[in-house]
Each structure stands twice: as C-alpha cells, then as structure tokens.
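To keep things clear, I will list the structure first and then write my remarks on it.
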Amino acid sequence: MITRAEVEQAAVRTAGLTRLTPVVEGDPEVFPGPVWFKCEYLQHTGTFKARGALNRVLAAKERGELKPDVGVVVASGGNAGLANAYAAAQLGVPATVFVPAAAPAVKVQKLKAIGATVVQGGAEYAEAYQAAITHAQETGAVYCHAYDQPEIAAGAGAVGVELLDQVGGLDTVLVAVGGGGLMAGIAAAVKGRAKVVAVEPETAPTLHAALTAGAPVDVPVSGIAADSLGARRVGDIGFSVAVRTGVESVLVSDTDIIEARLKLWDDYRIVVEHGAAAAYAALTSGAYVPGVGERVAVILCGANTDPATLK
C-alpha cells in the first residue's frame, strides 16, 4: 500500500533527476470534453519507469543500504531493466540485470550501453527473477522490482503529482496496466481529486481478473502489448491501491491498441509503444466514454518501440 504522502516524497526526492514531461491537448472536436496527453514517453530511458527506479535507489542510499561496490540488481530485459541501469549510473554504482536467454539483442545492447552488467540465462523471466533474488541475497545488492515495491510505485506516481499541477480541475486519468505500479502510484497521487481508469489488453487482464476474483490471480498473457504489459498477475500494491481508491477497469482488443497507436501518429505525430497506446485505445474504441465536459488525461507511458511498424 502506498499513500499520496509517499508519492509526494518521491517527487521531491527525484526532482532534478527526472524530466518534467509535457502535457499536450488533444483535438477539442473529437471528444465530448477536453483531453490531454501526459507525454511520459519523453522521460529518461523512454518510459515512466525511470522515476520509480530513481526513487528506489535514492531511498536505499538514504538508509545506507546502497553498497558502492555492488549497487543494484533487477530482473528485466525491458523497460524496468533500462530504468534501473540508468538510475544506478546516475548514482555512480553498478547495476546487474538478469534477463532470459532469449532476450532481444537490441535490448541487451542498450543495457550494456548504459553500463549494466547483463547476465543471460534460463528460458523464462521467472528464472531471471530467481537469479536476481539470489544475487541480492549473496551480494547485498539493492533489489529493484519491476513494479511491486512501494518505492517503485510511489516514484512512478510522481507522474500524477505533475499532472495535477499541469491540468487544473481534472476529472479522469486513463492509464495502462501491466503489473500495476504506475496505476497504483497515480491512483494514490490523485485520490480525492480525480478518478483513475485502468486500461488493459483483453489478452493480459491482470487487474480486471483480480478485481473479479477479489485477489491477484495468474492470467495467460499474449498479444501485441505483451512486451510491456506482460505481467502474469497484478502486483499486491497495485491491487490494494486499486481497491482502496475505486479504480475502474476496462479492456481493449489488440486491434483497438494498434489503431490507437496509429491515430496518435497520424493525428499528433506521437510515437509510443503498444502498451502506452492501450490507454488511448480506451477512448478511441469506446471502451471508456467520457461524459459531456469531462476533463480526461491519457498517460502515454512509454516509447521504446520500432517506428518502422507505424508504416
């Protein structure tokens, strides 16, 4: 569980190390009320995850837990790995990133370019995860989860703190959900000020399934956005914050996501990954229909994608 106070503390802690990402107003003739895009894809490393990573590592340093010789460890060949490697580099400590053997070479190269030590092995993420936990236990490295740690989620929530400052009188925030860290942070940040609508692919409905079951449950994962929204279950933090704050859940199809991503490019020349486009797909597909005059923000959370796929 995280609170707005923890999110605000994270925003202060990471100030100067993260970018204040801009807000762009959508076409006023398309929707029944104002729509804004929070362009978090312009954050360091191309996603919101740099915020949580920096908050986690800085907080560990404050507590005296960050060892200069071993630094941090994370299991992720994707955005979380890049973010934590970046955070470690900013603080001048090592980062070890465990990835499955089949991790794409381009992502491994990016991690190494930031300065991380990349350890490949195992067929699935679960094996990389266990290897990272073992490494943390044996070396004392600070373990950084991809989404289900209080400091990670609170850091991500700084997006919501910024958004409230940038857009007055906001009613609704649409945010894509994988493991739920970003959703949890934003929901904590805007509680009592705006509602949060969680948007998930039909092929990876982690929060939707958890809300139905009354607890986090494993779901099969597939689809166009699985590279970034591919968690098999929503995190405990994400679920608890969603229940506490009354987060709504809607689902969108792969076709909806693809079309929304193309519309962002065609209409605004915005390039995002499919996972980020899922949030906008809630509007363009009609999965979420705003009321007349409803003031809506869409979190565009990442852009680590191949622009050639927009052709």
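The way I read the labels, and the way they are meant: chains A, B, ... in the order of the structure tokens, residue 1 as the first residue of every chain, and ligand 1 as the first ligand shown, with later ones counted on from there.
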
| Residue set, segment 6-97 of chain A restricted to alpha helix (DSSP H), as an NGL selection string | :A and (6-14 or 49-62 or 79-91)

Output file for the residues above (C-alpha atoms, as a CSV table (one decimal), in the first residue's frame):
chain,number,residue,atom,x,y,z
A,6,GLU,CA,4.8,8.8,-0.1
A,7,VAL,CA,4.3,9.8,-3.8
A,8,GLU,CA,4.9,13.4,-3.0
A,9,GLN,CA,8.0,12.5,-1.1
A,10,ALA,CA,9.2,10.5,-4.1
A,11,ALA,CA,8.5,13.5,-6.3
A,12,VAL,CA,10.7,15.7,-4.1
A,13,ARG,CA,13.4,13.1,-3.8
A,14,THR,CA,13.8,12.6,-7.6
A,49,LYS,CA,10.0,3.6,-15.0
A,50,ALA,CA,13.0,5.8,-14.6
A,51,ARG,CA,11.0,7.6,-11.8
A,52,GLY,CA,10.4,4.6,-9.7
A,53,ALA,CA,13.9,3.3,-10.2
A,54,LEU,CA,15.5,6.6,-9.1
A,55,ASN,CA,13.2,6.8,-6.1
A,56,ARG,CA,14.1,3.2,-5.0
A,57,VAL,CA,17.8,3.7,-5.4
A,58,LEU,CA,17.9,7.1,-3.8
A,59,ALA,CA,15.8,5.9,-0.8
A,60,ALA,CA,18.2,2.9,-0.4
A,61,LYS,CA,21.1,5.3,-0.4
A,62,GLU,CA,19.5,7.4,2.3
A,79,ASN,CA,11.9,-1.1,-19.7
A,80,ALA,CA,12.5,-1.8,-16.0
A,81,GLY,CA,16.0,-3.1,-16.7
A,82,LEU,CA,16.8,0.0,-18.6
A,83,ALA,CA,15.4,2.3,-16.0
A,84,ASN,CA,17.3,0.7,-13.1
A,85,ALA,CA,20.5,0.6,-15.0
A,86,TYR,CA,20.0,4.3,-15.7
A,87,ALA,CA,19.3,5.1,-12.1
A,88,ALA,CA,22.4,3.2,-11.0
A,89,ALA,CA,24.5,5.1,-13.5
A,90,GLN,CA,23.2,8.4,-12.2
A,91,LEU,CA,24.4,7.5,-8.7

Test item, strand (DSSP E or B) assignment across segment 11-147 of chain A, answer as a CSV table (one decimal) with N, CA, C and O atoms, in the first residue's frame:
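Saved to states.csv:
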chain,number,residue,atom,x,y,z
A,23,VAL,N,2.5,18.2,-21.2
A,23,VAL,CA,1.1,17.8,-21.5
A,23,VAL,C,0.7,18.5,-22.8
A,23,VAL,O,0.9,19.6,-23.0
A,24,VAL,N,0.1,17.7,-23.6
A,24,VAL,CA,-0.4,18.1,-25.0
A,24,VAL,C,-1.9,18.0,-25.0
A,24,VAL,O,-2.4,16.9,-24.7
A,25,GLU,N,-2.6,19.0,-25.4
A,25,GLU,CA,-4.0,19.0,-25.5
A,25,GLU,C,-4.5,18.3,-26.8
A,25,GLU,O,-3.9,18.6,-27.9
A,35,VAL,N,-9.4,16.7,-23.6
A,35,VAL,CA,-8.5,15.6,-23.4
A,35,VAL,C,-7.0,16.1,-23.5
A,35,VAL,O,-6.7,16.8,-24.4
A,36,TRP,N,-6.2,15.6,-22.5
A,36,TRP,CA,-4.8,15.9,-22.6
A,36,TRP,C,-4.0,14.6,-22.6
A,36,TRP,O,-4.4,13.6,-22.0
A,37,PHE,N,-2.8,14.7,-23.2
A,37,PHE,CA,-1.9,13.6,-23.2
A,37,PHE,C,-0.7,14.0,-22.3
A,37,PHE,O,0.0,15.0,-22.6
A,38,LYS,N,-0.5,13.2,-21.3
A,38,LYS,CA,0.7,13.3,-20.5
A,38,LYS,C,1.9,12.6,-21.1
A,38,LYS,O,1.9,11.3,-21.2
A,39,CYS,N,2.8,13.3,-21.7
A,39,CYS,CA,3.8,12.7,-22.6
A,39,CYS,C,5.0,12.1,-21.8
A,39,CYS,O,6.2,12.6,-21.9
A,47,THR,N,10.6,5.7,-20.8
A,47,THR,CA,9.3,5.3,-20.1
A,47,THR,C,9.3,5.9,-18.7
A,47,THR,O,10.3,6.4,-18.2
A,72,VAL,N,22.9,-2.2,-7.6
A,72,VAL,CA,21.6,-2.7,-7.7
A,72,VAL,C,21.5,-3.9,-8.6
A,72,VAL,O,22.4,-4.2,-9.4
A,73,VAL,N,20.4,-4.6,-8.4
A,73,VAL,CA,20.1,-5.8,-9.3
A,73,VAL,C,18.6,-5.8,-9.6
A,73,VAL,O,17.8,-5.4,-8.8
A,74,VAL,N,18.3,-6.2,-10.9
A,74,VAL,CA,17.0,-6.2,-11.3
A,74,VAL,C,16.8,-7.4,-12.3
A,74,VAL,O,17.8,-7.8,-13.0
A,75,ALA,N,15.7,-8.0,-12.4
A,75,ALA,CA,15.4,-9.0,-13.5
A,75,ALA,C,14.5,-8.4,-14.5
A,75,ALA,O,13.3,-8.2,-14.2
A,95,ALA,N,25.1,-1.8,-11.8
A,95,ALA,CA,23.8,-2.4,-12.0
A,95,ALA,C,24.0,-3.8,-12.7
A,95,ALA,O,24.7,-3.9,-13.7
A,96,THR,N,23.4,-4.8,-12.1
A,96,THR,CA,23.4,-6.1,-12.7
A,96,THR,C,22.0,-6.4,-13.1
A,96,THR,O,21.0,-6.3,-12.3
A,97,VAL,N,21.8,-6.8,-14.4
A,97,VAL,CA,20.5,-7.1,-14.9
A,97,VAL,C,20.4,-8.5,-15.4
A,97,VAL,O,21.2,-8.9,-16.3
A,98,PHE,N,19.5,-9.3,-14.8
A,98,PHE,CA,19.3,-10.7,-15.3
A,98,PHE,C,18.2,-10.7,-16.3
A,98,PHE,O,17.1,-10.2,-16.1
A,99,VAL,N,18.5,-11.4,-17.4
A,99,VAL,CA,17.5,-11.5,-18.5
A,99,VAL,C,17.4,-12.9,-19.0
A,99,VAL,O,18.4,-13.6,-18.9
A,117,THR,N,25.9,-4.6,-16.1
A,117,THR,CA,26.4,-6.0,-16.4
A,117,THR,C,25.1,-6.9,-16.6
A,117,THR,O,24.2,-6.9,-15.8
A,118,VAL,N,25.1,-7.5,-17.8
A,118,VAL,CA,23.9,-8.3,-18.2
A,118,VAL,C,24.3,-9.7,-18.1
A,118,VAL,O,25.3,-10.2,-18.6
A,119,VAL,N,23.4,-10.5,-17.4
A,119,VAL,CA,23.6,-11.9,-17.2
A,119,VAL,C,22.4,-12.6,-17.8
A,119,VAL,O,21.2,-12.4,-17.4
A,120,GLN,N,22.6,-13.3,-18.9
A,120,GLN,CA,21.6,-14.0,-19.6
A,120,GLN,C,21.6,-15.5,-19.2
A,120,GLN,O,22.6,-16.1,-19.0
A,142,VAL,N,21.0,-3.9,-3.9
A,142,VAL,CA,19.7,-3.5,-3.7
A,142,VAL,C,18.8,-4.1,-4.8
A,142,VAL,O,19.0,-3.8,-6.0
A,143,TYR,N,17.8,-4.9,-4.4
A,143,TYR,CA,16.9,-5.5,-5.4
A,143,TYR,C,15.8,-4.5,-5.8
A,143,TYR,O,15.2,-3.9,-4.9

Tell me, counting only C-alpha atoms, for each residue of segment 208-295 of chain A within 12 Å of segment 154-168 of chain A, which pair of atoms is nearest and how far apart they are in Å to one decimal, in rows ordered by chain and increasing number, as a tab-separated table.
residue	atom	partner	partner_atom	distance
A:Ile237	CA	A:Ala154	CA	10.2
A:Gly238	CA	A:Ala154	CA	10.9
A:Val241	CA	A:Ala154	CA	11.3
A:Arg295	CA	A:Val167	CA	9.1

| Out of A:Gly46, A:Gly92, A:Gly185, A:Pro290, which residue has the shortest atom-to-atom distance to Asn304 of chain A when counting only C-alpha atoms? |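 Closest candidate: A:Gly46.
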
| Contact residues around Ala308 of chain A with only C-alpha atoms at 12 Å, ignoring same-chain residues under 4 positions, as a list of chain:residue names |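 Contacts, with the query itself left out: A:Leu262, A:Trp265, A:Val271, A:Val272, A:Glu273.
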
How would the residues just chosen look if you wrote them out with C-alpha atoms as a PDB file, in the first residue's frame?
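And here's result.pdb as it stands now:
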ATOM      1  CA  LEU A 262      -1.606   4.720 -35.435  1.00  0.00           C
ATOM      2  CA  TRP A 265       0.988   9.115 -35.023  1.00  0.00           C
ATOM      3  CA  VAL A 271       5.233   7.663 -31.394  1.00  0.00           C
ATOM      4  CA  VAL A 272       4.579   5.288 -28.498  1.00  0.00           C
ATOM      5  CA  GLU A 273       4.846   1.584 -27.817  1.00  0.00           C
TER       6      GLU A 273
END

| Do you know which residues are at most 9 Å from Ser249 of chain A counting only C-alpha atoms, after dropping those on the same chain fewer than 2 positions away, and could you put them as a PyMOL selection string? | chain A and resi 196-200+207-208+211+247+251

Write to file, as a short mmCIF file (atom, residue, chain, number, x, y, z; two decimals), in the first residue's frame, the residues of the selection just made, with C-alpha atoms.
data_model
loop_
_atom_site.label_atom_id
_atom_site.label_comp_id
_atom_site.auth_asym_id
_atom_site.auth_seq_id
_atom_site.Cartn_x
_atom_site.Cartn_y
_atom_site.Cartn_z
CA VAL A 196 -8.45 6.53 -12.40
CA VAL A 197 -9.50 4.19 -15.18
CA ALA A 198 -7.17 1.24 -15.70
CA VAL A 199 -6.90 0.06 -19.28
CA GLU A 200 -5.70 -3.46 -20.11
CA LEU A 207 -6.19 -6.17 -12.76
CA HIS A 208 -9.54 -6.98 -14.33
CA LEU A 211 -10.98 -7.36 -9.22
CA VAL A 247 -10.06 2.31 -9.76
CA LEU A 251 -10.42 -3.89 -21.57
#

| request: Determine the nearest neighbour of Val250 of chain A from the options A:Val30, A:Leu229, A:Val221, A:Ala176, counting only C-alpha atoms. | output: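 Selected residue with least distance to Val250 of chain A: A:Ala176.
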
| said: List as a ChimeraX atom specification the protein and nucleic acid residues near Ile224 of chain A, meaning an atom at most 8 Å away when only C-alpha atoms are counted, but skip any in the same chain fewer than 4 places from it. | reply: /A:254,258,274

Please dump the current selection as a PDB file, in the first residue's frame; keep N, CA and C atoms.
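Saved result, selection.pdb, follows:
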ATOM      1  N   ASP A 254      -6.473  -6.103 -29.193  1.00  0.00           N
ATOM      2  CA  ASP A 254      -5.242  -5.803 -29.916  1.00  0.00           C
ATOM      3  C   ASP A 254      -5.510  -4.862 -31.086  1.00  0.00           C
ATOM      4  N   ILE A 258      -3.692  -1.230 -31.703  1.00  0.00           N
ATOM      5  CA  ILE A 258      -2.966  -0.917 -32.941  1.00  0.00           C
ATOM      6  C   ILE A 258      -3.532   0.343 -33.589  1.00  0.00           C
ATOM      7  N   HIS A 274       3.109  -0.089 -28.028  1.00  0.00           N
ATOM      8  CA  HIS A 274       1.716  -0.541 -27.996  1.00  0.00           C
ATOM      9  C   HIS A 274       1.127  -0.489 -26.589  1.00  0.00           C
TER      10      HIS A 274
END

| Got a sec: who's within 12 Å of Asp227 of chain A, counting only C-alpha atoms, leaving out chain neighbours fewer than 2 positions off, as a PyMOL selection string? | chain A and resi 76-80+103-104+107+125+178+201+204+221-225+229-232+273-276+302+304-305

Selection from above, N, CA and C atoms, as a JSON list (two decimals), in the first residue's frame, can you write it?
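Output (out-v1.json):
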[["chain", "number", "residue", "atom", "x", "y", "z"],
["A", 76, "SER", "N", 14.97, -8.03, -15.63],
["A", 76, "SER", "CA", 14.14, -7.45, -16.69],
["A", 76, "SER", "C", 15.01, -7.14, -17.90],
["A", 77, "GLY", "N", 14.61, -7.63, -19.04],
["A", 77, "GLY", "CA", 15.29, -7.26, -20.26],
["A", 77, "GLY", "C", 14.61, -6.12, -20.97],
["A", 78, "GLY", "N", 13.61, -5.53, -20.32],
["A", 78, "GLY", "CA", 12.82, -4.49, -20.94],
["A", 78, "GLY", "C", 12.98, -3.14, -20.27],
["A", 79, "ASN", "N", 11.86, -2.44, -20.13],
["A", 79, "ASN", "CA", 11.90, -1.06, -19.65],
["A", 79, "ASN", "C", 12.40, -0.94, -18.22],
["A", 80, "ALA", "N", 12.04, -1.89, -17.35],
["A", 80, "ALA", "CA", 12.50, -1.82, -15.95],
["A", 80, "ALA", "C", 14.01, -2.01, -15.86],
["A", 103, "ALA", "N", 16.32, -12.99, -24.56],
["A", 103, "ALA", "CA", 16.10, -11.54, -24.57],
["A", 103, "ALA", "C", 16.61, -10.94, -25.87],
["A", 104, "PRO", "N", 15.87, -10.02, -26.49],
["A", 104, "PRO", "CA", 16.30, -9.43, -27.76],
["A", 104, "PRO", "C", 17.67, -8.78, -27.65],
["A", 107, "LYS", "N", 17.90, -5.00, -26.90],
["A", 107, "LYS", "CA", 17.70, -4.57, -25.52],
["A", 107, "LYS", "C", 18.93, -4.85, -24.67],
["A", 125, "TYR", "N", 11.25, -15.49, -17.84],
["A", 125, "TYR", "CA", 11.51, -14.40, -16.89],
["A", 125, "TYR", "C", 11.61, -14.91, -15.46],
["A", 178, "GLY", "N", -0.04, -3.15, -16.48],
["A", 178, "GLY", "CA", 0.60, -4.46, -16.63],
["A", 178, "GLY", "C", 0.69, -5.07, -15.25],
["A", 201, "PRO", "N", -5.10, -4.82, -22.02],
["A", 201, "PRO", "CA", -5.45, -5.65, -23.18],
["A", 201, "PRO", "C", -6.35, -6.81, -22.77],
["A", 204, "ALA", "N", -4.33, -9.75, -21.64],
["A", 204, "ALA", "CA", -3.47, -9.68, -20.44],
["A", 204, "ALA", "C", -4.20, -8.91, -19.34],
["A", 221, "VAL", "N", -1.03, -14.65, -20.74],
["A", 221, "VAL", "CA", -0.63, -13.37, -21.34],
["A", 221, "VAL", "C", -0.20, -13.59, -22.79],
["A", 222, "SER", "N", -0.72, -12.75, -23.66],
["A", 222, "SER", "CA", -0.32, -12.77, -25.07],
["A", 222, "SER", "C", -0.68, -11.42, -25.67],
["A", 223, "GLY", "N", -0.53, -11.28, -26.97],
["A", 223, "GLY", "CA", -1.00, -10.09, -27.64],
["A", 223, "GLY", "C", 0.08, -9.07, -27.98],
["A", 224, "ILE", "N", -0.34, -8.03, -28.68],
["A", 224, "ILE", "CA", 0.56, -7.05, -29.27],
["A", 224, "ILE", "C", 1.32, -6.24, -28.22],
["A", 225, "ALA", "N", 0.76, -6.09, -27.03],
["A", 225, "ALA", "CA", 1.39, -5.26, -26.00],
["A", 225, "ALA", "C", 2.06, -6.07, -24.90],
["A", 229, "LEU", "N", 3.17, -4.89, -21.23],
["A", 229, "LEU", "CA", 2.05, -5.14, -20.32],
["A", 229, "LEU", "C", 1.89, -6.64, -20.12],
["A", 230, "GLY", "N", 3.02, -7.34, -19.97],
["A", 230, "GLY", "CA", 3.01, -8.79, -19.97],
["A", 230, "GLY", "C", 3.13, -9.45, -18.62],
["A", 231, "ALA", "N", 2.88, -8.73, -17.52],
["A", 231, "ALA", "CA", 2.89, -9.37, -16.21],
["A", 231, "ALA", "C", 1.80, -10.42, -16.15],
["A", 232, "ARG", "N", 2.07, -11.53, -15.48],
["A", 232, "ARG", "CA", 1.08, -12.60, -15.38],
["A", 232, "ARG", "C", 0.07, -12.38, -14.27],
["A", 273, "GLU", "N", 4.93, 3.03, -27.72],
["A", 273, "GLU", "CA", 4.85, 1.58, -27.82],
["A", 273, "GLU", "C", 3.39, 1.15, -27.65],
["A", 274, "HIS", "N", 3.11, -0.09, -28.03],
["A", 274, "HIS", "CA", 1.72, -0.54, -28.00],
["A", 274, "HIS", "C", 1.13, -0.49, -26.59],
["A", 275, "GLY", "N", 1.93, -0.80, -25.58],
["A", 275, "GLY", "CA", 1.42, -0.76, -24.21],
["A", 275, "GLY", "C", 0.94, 0.63, -23.83],
["A", 276, "ALA", "N", 1.66, 1.65, -24.24],
["A", 276, "ALA", "CA", 1.26, 3.03, -23.95],
["A", 276, "ALA", "C", 0.00, 3.41, -24.72],
["A", 302, "GLY", "N", 5.23, 5.19, -22.47],
["A", 302, "GLY", "CA", 6.49, 4.67, -22.99],
["A", 302, "GLY", "C", 6.59, 4.71, -24.49],
["A", 304, "ASN", "N", 9.48, 2.93, -26.20],
["A", 304, "ASN", "CA", 10.54, 2.02, -26.64],
["A", 304, "ASN", "C", 9.95, 1.05, -27.67],
["A", 305, "THR", "N", 9.93, 1.52, -28.89],
["A", 305, "THR", "CA", 9.25, 0.80, -29.96],
["A", 305, "THR", "C", 10.00, 1.02, -31.27]]

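Using only C-alpha atoms, the shortest contact distance between Asp171 of chain A and any of A:Lys195, A:Ser240, A:Gly64, A:Val252 is found at A:Lys195.
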
| Point-to-point distance from atom CA of Thr45 of chain A to atom CA of Cys301 of chain A, Å rounded to tenths |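 About the pair atom CA of Thr45 of chain A and atom CA of Cys301 of chain A: they are 11.2 Å apart.
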
| message | I'd like to know which of A:Tyr288, A:Phe239, A:Phe31, A:Phe48 is closest to Ile2 of chain A, using only C-alpha atoms. | response |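 For Ile2 of chain A, the nearest of the candidates is A:Phe239.
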